[in-house]
Amino acid sequence: SKLNHPVTAKLVISNPPEIIVNTTTPKYIGENSSSGYLNIIESSTFEQLNDNNVKIESDSITSAEYIIEIKKITITESSERETISDANSSYNGATYIVQSCMVNIEVIVSMEINKEIIYSKEIQTSKDESYSNRRTFWEVIFHQNKDNTEYHLKELNSSIFDNLCSKESKKISAAITHAIKKS
């Protein structure tokens with residue numbers, strides 16, 4: 001929720017994003033660079049905080065009421081095996097590899113005056129591919145897969161990590177605003 005009166009804060013990002021690929025076949029993580037992901041997080045967080053009446057001081061000399069420190073950003077893509085168990089399907093027992101995408105950000109909010117920490121948390125957002133036996137648009141049009149025994153991979157958008165970084169920034173901004181409001 002938006003603050004009733006504007007407050008000032010400094011946004012400090014300690015480490016550049018750590019990109020972890022726990023798979024031999026990365027599918028989505030290479031769509032952007034670590035600096036690209038950092039830019040998305042930084043600009044989206046800045047914009048969201050500004051909308052919530054938390055004004056970010058870009059001048060290092062000017063003092064602010066709060067210090068928002070992003071300690072760690074971890075961007076992970078991993079693969080997992082998924083086995084289909086559907087006795088009615090010819091896909092029963094088949095094992096497929098699905099990708100999991102996750103963005104994790106550790107944030108600390110402290111007061112500038114006494115350095116008292118008012119908020120410290122890791123926030124995570126993730127999205128996974130999956131297999132589904134739901135009929136696709138084309139299967140409905142061509143009257144196929146009426147018994148829902150054929151499975152399809154539900155892939156993610158190629159810019160999934162950009163979307164997750166933006167979504168994570170919104171979560172962080174809301175949590176920071178709430179913490180400032182409570183203090």
# chains A, B, ... in the order shown; residues from 1 in each chain; ligands from 1
call {"tool": "residues_around", "arguments": {"residues": "range 61-66 of chain A", "least_positions_apart": "5", "cutoff": "12 Å", "atoms": "only C-alpha atoms", "output": "ChimeraX atom specification"}}
result
/A:6-12,54-56,108-119,176-177,179-181,183
call {"tool": "write_last_selection", "arguments": {"atoms": "N, CA, C and O atoms", "output": "compact mmCIF listing (two decimals), in the first residue's frame"}}
result
# COMPACT_ATOMS: atom_id res chain seq x y z
N PRO A 6 5.54 11.16 1.72
CA PRO A 6 6.77 10.67 1.07
C PRO A 6 7.92 10.52 2.07
O PRO A 6 8.06 11.31 3.00
N VAL A 7 8.70 9.46 1.88
CA VAL A 7 9.93 9.24 2.63
C VAL A 7 11.07 9.08 1.64
O VAL A 7 10.85 8.77 0.47
N THR A 8 12.29 9.30 2.11
CA THR A 8 13.45 9.16 1.22
C THR A 8 14.23 7.91 1.61
O THR A 8 14.26 7.52 2.77
N ALA A 9 14.84 7.30 0.61
CA ALA A 9 15.63 6.10 0.83
C ALA A 9 16.76 6.05 -0.18
O ALA A 9 16.71 6.68 -1.24
N LYS A 10 17.80 5.31 0.19
CA LYS A 10 18.89 5.02 -0.73
C LYS A 10 18.80 3.56 -1.10
O LYS A 10 18.58 2.71 -0.24
N LEU A 11 18.96 3.27 -2.37
CA LEU A 11 18.93 1.90 -2.86
C LEU A 11 20.36 1.46 -3.13
O LEU A 11 21.05 2.05 -3.95
N VAL A 12 20.80 0.43 -2.41
CA VAL A 12 22.16 -0.08 -2.53
C VAL A 12 22.08 -1.52 -2.99
O VAL A 12 21.39 -2.34 -2.38
N VAL A 54 7.96 6.21 -1.79
CA VAL A 54 9.32 6.05 -1.28
C VAL A 54 10.24 6.61 -2.36
O VAL A 54 10.44 6.00 -3.40
N LYS A 55 10.78 7.80 -2.12
CA LYS A 55 11.62 8.49 -3.11
C LYS A 55 13.07 8.04 -2.94
O LYS A 55 13.65 8.18 -1.86
N ILE A 56 13.64 7.52 -4.00
CA ILE A 56 15.01 7.03 -3.97
C ILE A 56 15.96 8.19 -4.26
O ILE A 56 15.84 8.85 -5.29
N ILE A 108 17.45 -6.05 2.72
CA ILE A 108 17.51 -5.54 4.09
C ILE A 108 17.14 -4.06 4.05
O ILE A 108 17.68 -3.31 3.23
N VAL A 109 16.24 -3.65 4.94
CA VAL A 109 15.86 -2.24 5.06
C VAL A 109 16.26 -1.79 6.46
O VAL A 109 15.90 -2.43 7.45
N SER A 110 17.02 -0.71 6.53
CA SER A 110 17.43 -0.18 7.83
C SER A 110 17.20 1.32 7.85
O SER A 110 17.08 1.97 6.82
N MET A 111 17.14 1.85 9.06
CA MET A 111 16.98 3.29 9.23
C MET A 111 18.36 3.95 9.11
O MET A 111 19.34 3.41 9.61
N GLU A 112 18.42 5.06 8.44
CA GLU A 112 19.69 5.76 8.21
C GLU A 112 20.28 6.28 9.52
O GLU A 112 21.48 6.17 9.75
N ILE A 113 19.45 6.79 10.42
CA ILE A 113 19.94 7.45 11.63
C ILE A 113 20.69 6.49 12.55
O ILE A 113 21.84 6.72 12.89
N ASN A 114 20.05 5.39 12.93
CA ASN A 114 20.67 4.50 13.90
C ASN A 114 21.05 3.13 13.33
O ASN A 114 21.43 2.24 14.06
N LYS A 115 20.93 2.95 12.03
CA LYS A 115 21.27 1.71 11.33
C LYS A 115 20.47 0.50 11.83
O LYS A 115 20.87 -0.64 11.64
N GLU A 116 19.34 0.75 12.48
CA GLU A 116 18.49 -0.33 12.97
C GLU A 116 17.79 -1.00 11.79
O GLU A 116 17.18 -0.34 10.94
N ILE A 117 17.90 -2.32 11.74
CA ILE A 117 17.27 -3.09 10.66
C ILE A 117 15.79 -3.24 10.98
O ILE A 117 15.42 -3.77 12.03
N ILE A 118 14.95 -2.77 10.06
CA ILE A 118 13.50 -2.88 10.28
C ILE A 118 12.88 -4.00 9.44
O ILE A 118 11.74 -4.40 9.67
N TYR A 119 13.64 -4.50 8.46
CA TYR A 119 13.12 -5.56 7.59
C TYR A 119 14.29 -6.32 6.97
O TYR A 119 15.23 -5.71 6.48
N ILE A 176 8.84 -3.75 1.26
CA ILE A 176 9.62 -2.64 1.80
C ILE A 176 8.68 -1.52 2.25
O ILE A 176 8.83 -0.97 3.34
N THR A 177 7.70 -1.19 1.43
CA THR A 177 6.74 -0.14 1.76
C THR A 177 5.98 -0.52 3.03
O THR A 177 5.77 0.33 3.91
N ALA A 179 7.02 -2.50 5.44
CA ALA A 179 7.95 -2.40 6.58
C ALA A 179 8.17 -0.95 7.01
O ALA A 179 8.20 -0.67 8.20
N ILE A 180 8.29 -0.06 6.04
CA ILE A 180 8.48 1.36 6.36
C ILE A 180 7.21 1.92 7.03
O ILE A 180 7.29 2.68 7.98
N LYS A 181 6.07 1.51 6.54
CA LYS A 181 4.79 1.96 7.10
C LYS A 181 4.65 1.52 8.56
O LYS A 181 4.19 2.28 9.40
N SER A 183 7.12 0.91 10.63
CA SER A 183 8.12 1.53 11.50
C SER A 183 7.73 2.98 11.76
O SER A 183 8.10 3.61 12.67
call {"tool": "residues_around", "arguments": {"residues": "Ile172 in chain A", "least_positions_apart": "3", "cutoff": "8 Å", "atoms": "only C-alpha atoms", "output": "number ranges by chain"}}
result
A: 45, 107, 123, 168-169, 175-176
call {"tool": "write_last_selection", "arguments": {"atoms": "N, CA and C atoms", "output": "mmCIF file, in the first residue's frame"}}
result
data_model
loop_
_atom_site.group_PDB
_atom_site.id
_atom_site.type_symbol
_atom_site.label_atom_id
_atom_site.label_comp_id
_atom_site.auth_asym_id
_atom_site.auth_seq_id
_atom_site.Cartn_x
_atom_site.Cartn_y
_atom_site.Cartn_z
ATOM 1 N N THR A 45 12.161 -1.880 -9.358
ATOM 2 C CA THR A 45 12.095 -1.589 -7.921
ATOM 3 C C THR A 45 12.006 -0.086 -7.693
ATOM 4 N N VAL A 107 16.844 -8.941 0.712
ATOM 5 C CA VAL A 107 16.786 -7.492 0.904
ATOM 6 C C VAL A 107 16.795 -7.154 2.396
ATOM 7 N N ILE A 123 13.041 -13.102 -0.726
ATOM 8 C CA ILE A 123 11.772 -13.248 -1.431
ATOM 9 C C ILE A 123 12.053 -14.000 -2.728
ATOM 10 N N GLU A 168 9.324 -10.017 -9.093
ATOM 11 C CA GLU A 168 10.062 -10.026 -7.834
ATOM 12 C C GLU A 168 10.257 -8.610 -7.307
ATOM 13 N N SER A 169 10.530 -7.675 -8.201
ATOM 14 C CA SER A 169 10.691 -6.271 -7.811
ATOM 15 C C SER A 169 9.405 -5.712 -7.214
ATOM 16 N N ALA A 175 6.786 -5.218 0.040
ATOM 17 C CA ALA A 175 7.262 -5.601 1.371
ATOM 18 C C ALA A 175 8.026 -4.463 2.025
ATOM 19 N N ILE A 176 8.842 -3.755 1.257
ATOM 20 C CA ILE A 176 9.619 -2.636 1.796
ATOM 21 C C ILE A 176 8.675 -1.523 2.249
#
call {"tool": "atom_distance", "arguments": {"atom1": "CA of Ile19 in chain A", "atom2": "CA of Asp128 in chain A"}}
result
17.1 Å
call {"tool": "select_by_dssp", "arguments": {"residues": "range 45-129 of chain A", "states": "strand (DSSP E)", "output": "number ranges by chain"}}
result
A: 54-56, 66-83, 95-111, 117-128
call {"tool": "write_last_selection", "arguments": {"atoms": "C-alpha atoms", "output": "compact mmCIF listing (two decimals), in the first residue's frame"}}
result
# COMPACT_ATOMS: atom_id res chain seq x y z
CA VAL A 54 9.32 6.05 -1.28
CA LYS A 55 11.62 8.49 -3.11
CA ILE A 56 15.01 7.03 -3.97
CA TYR A 66 16.04 4.62 5.06
CA ILE A 67 18.66 2.43 3.40
CA ILE A 68 17.36 -0.34 1.16
CA GLU A 69 20.08 -2.88 0.51
CA ILE A 70 19.69 -5.68 -1.97
CA LYS A 71 22.22 -8.15 -0.58
CA LYS A 72 21.95 -10.96 -3.06
CA ILE A 73 20.18 -11.72 -6.31
CA THR A 74 20.12 -15.35 -7.42
CA ILE A 75 18.72 -16.33 -10.80
CA THR A 76 18.44 -20.09 -11.24
CA GLU A 77 17.38 -22.39 -14.03
CA SER A 78 17.27 -26.10 -13.35
CA SER A 79 15.79 -29.16 -14.94
CA GLU A 80 13.76 -31.90 -13.31
CA ARG A 81 12.45 -35.22 -14.46
CA GLU A 82 8.70 -35.60 -14.54
CA THR A 83 6.97 -38.95 -15.02
CA THR A 95 9.72 -39.53 -18.26
CA TYR A 96 10.34 -36.03 -19.55
CA ILE A 97 12.60 -33.19 -18.53
CA VAL A 98 10.98 -29.90 -17.50
CA GLN A 99 12.69 -26.59 -16.78
CA SER A 100 12.26 -24.67 -13.52
CA CYS A 101 13.04 -20.94 -13.39
CA MET A 102 13.54 -19.03 -10.14
CA VAL A 103 14.57 -15.53 -9.01
CA ASN A 104 15.51 -15.06 -5.35
CA ILE A 105 16.37 -11.67 -3.84
CA GLU A 106 17.62 -11.00 -0.32
CA VAL A 107 16.79 -7.49 0.90
CA ILE A 108 17.51 -5.54 4.09
CA VAL A 109 15.86 -2.24 5.06
CA SER A 110 17.43 -0.18 7.83
CA MET A 111 16.98 3.29 9.23
CA ILE A 117 17.27 -3.09 10.66
CA ILE A 118 13.50 -2.88 10.28
CA TYR A 119 13.12 -5.56 7.59
CA SER A 120 15.23 -8.47 6.39
CA LYS A 121 13.97 -11.23 4.14
CA GLU A 122 14.57 -13.39 1.10
CA ILE A 123 11.77 -13.25 -1.43
CA GLN A 124 11.42 -15.81 -4.20
CA THR A 125 9.42 -16.10 -7.39
CA SER A 126 9.42 -19.14 -9.64
CA LYS A 127 7.71 -20.68 -12.63
CA ASP A 128 7.99 -24.20 -14.06
call {"tool": "closest_atom_pairs", "arguments": {"of": "range 62-131 of chain A", "to": "range 135-159 of chain A", "cutoff": "8 Å", "atoms": "only C-alpha atoms", "output": "JSON lines"}}
result
{"residue": "A:Asp86", "atom": "CA", "partner": "A:Thr149", "partner_atom": "CA", "distance": 7.9}
{"residue": "A:Asn88", "atom": "CA", "partner": "A:Thr149", "partner_atom": "CA", "distance": 6.5}
{"residue": "A:Ser89", "atom": "CA", "partner": "A:Thr149", "partner_atom": "CA", "distance": 4.6}
{"residue": "A:Ser90", "atom": "CA", "partner": "A:Thr149", "partner_atom": "CA", "distance": 7.1}
{"residue": "A:Tyr91", "atom": "CA", "partner": "A:Glu150", "partner_atom": "CA", "distance": 7.1}
{"residue": "A:Asp128", "atom": "CA", "partner": "A:Leu156", "partner_atom": "CA", "distance": 7.5}
{"residue": "A:Glu129", "atom": "CA", "partner": "A:Glu155", "partner_atom": "CA", "distance": 5.3}
{"residue": "A:Ser130", "atom": "CA", "partner": "A:Lys154", "partner_atom": "CA", "distance": 5.3}
{"residue": "A:Tyr131", "atom": "CA", "partner": "A:Leu153", "partner_atom": "CA", "distance": 4.5}
call {"tool": "select_by_dssp", "arguments": {"residues": "range 73-152 of chain A", "states": "alpha helix (DSSP H)", "output": "number ranges by chain"}}
result
A: 137-141
call {"tool": "write_last_selection", "arguments": {"atoms": "N, CA, C and O atoms", "output": "PDB file, in the first residue's frame"}}
result
ATOM      1  N   PHE A 137      -5.901 -25.518 -28.562  1.00  0.00           N
ATOM      2  CA  PHE A 137      -6.851 -24.859 -29.447  1.00  0.00           C
ATOM      3  C   PHE A 137      -7.021 -25.651 -30.748  1.00  0.00           C
ATOM      4  O   PHE A 137      -8.143 -25.880 -31.207  1.00  0.00           O
ATOM      5  N   TRP A 138      -5.914 -26.085 -31.330  1.00  0.00           N
ATOM      6  CA  TRP A 138      -5.964 -26.794 -32.609  1.00  0.00           C
ATOM      7  C   TRP A 138      -6.580 -28.178 -32.453  1.00  0.00           C
ATOM      8  O   TRP A 138      -7.266 -28.668 -33.362  1.00  0.00           O
ATOM      9  N   GLU A 139      -6.384 -28.820 -31.316  1.00  0.00           N
ATOM     10  CA  GLU A 139      -7.012 -30.120 -31.088  1.00  0.00           C
ATOM     11  C   GLU A 139      -8.533 -29.983 -30.981  1.00  0.00           C
ATOM     12  O   GLU A 139      -9.273 -30.855 -31.430  1.00  0.00           O
ATOM     13  N   VAL A 140      -8.992 -28.908 -30.424  1.00  0.00           N
ATOM     14  CA  VAL A 140     -10.441 -28.663 -30.347  1.00  0.00           C
ATOM     15  C   VAL A 140     -10.982 -28.425 -31.748  1.00  0.00           C
ATOM     16  O   VAL A 140     -12.009 -28.991 -32.133  1.00  0.00           O
ATOM     17  N   ILE A 141     -10.286 -27.596 -32.521  1.00  0.00           N
ATOM     18  CA  ILE A 141     -10.734 -27.274 -33.884  1.00  0.00           C
ATOM     19  C   ILE A 141     -10.798 -28.529 -34.754  1.00  0.00           C
ATOM     20  O   ILE A 141     -11.755 -28.736 -35.499  1.00  0.00           O
TER      21      ILE A 141
END
call {"tool": "residues_around", "arguments": {"residues": "Lys170 in chain A", "least_positions_apart": "4", "cutoff": "9 Å", "atoms": "only C-alpha atoms", "output": "PyMOL selection string"}}
result
chain A and resi 44-45+48-49+165-166+174-175
call {"tool": "atom_distance", "arguments": {"atom1": "CA of Gly36 in chain A", "atom2": "CA of Ser60 in chain A"}}
result
23.4 Å
call {"tool": "atom_distance", "arguments": {"atom1": "CA of Leu164 in chain A", "atom2": "CA of Thr24 in chain A"}}
result
21.6 Å
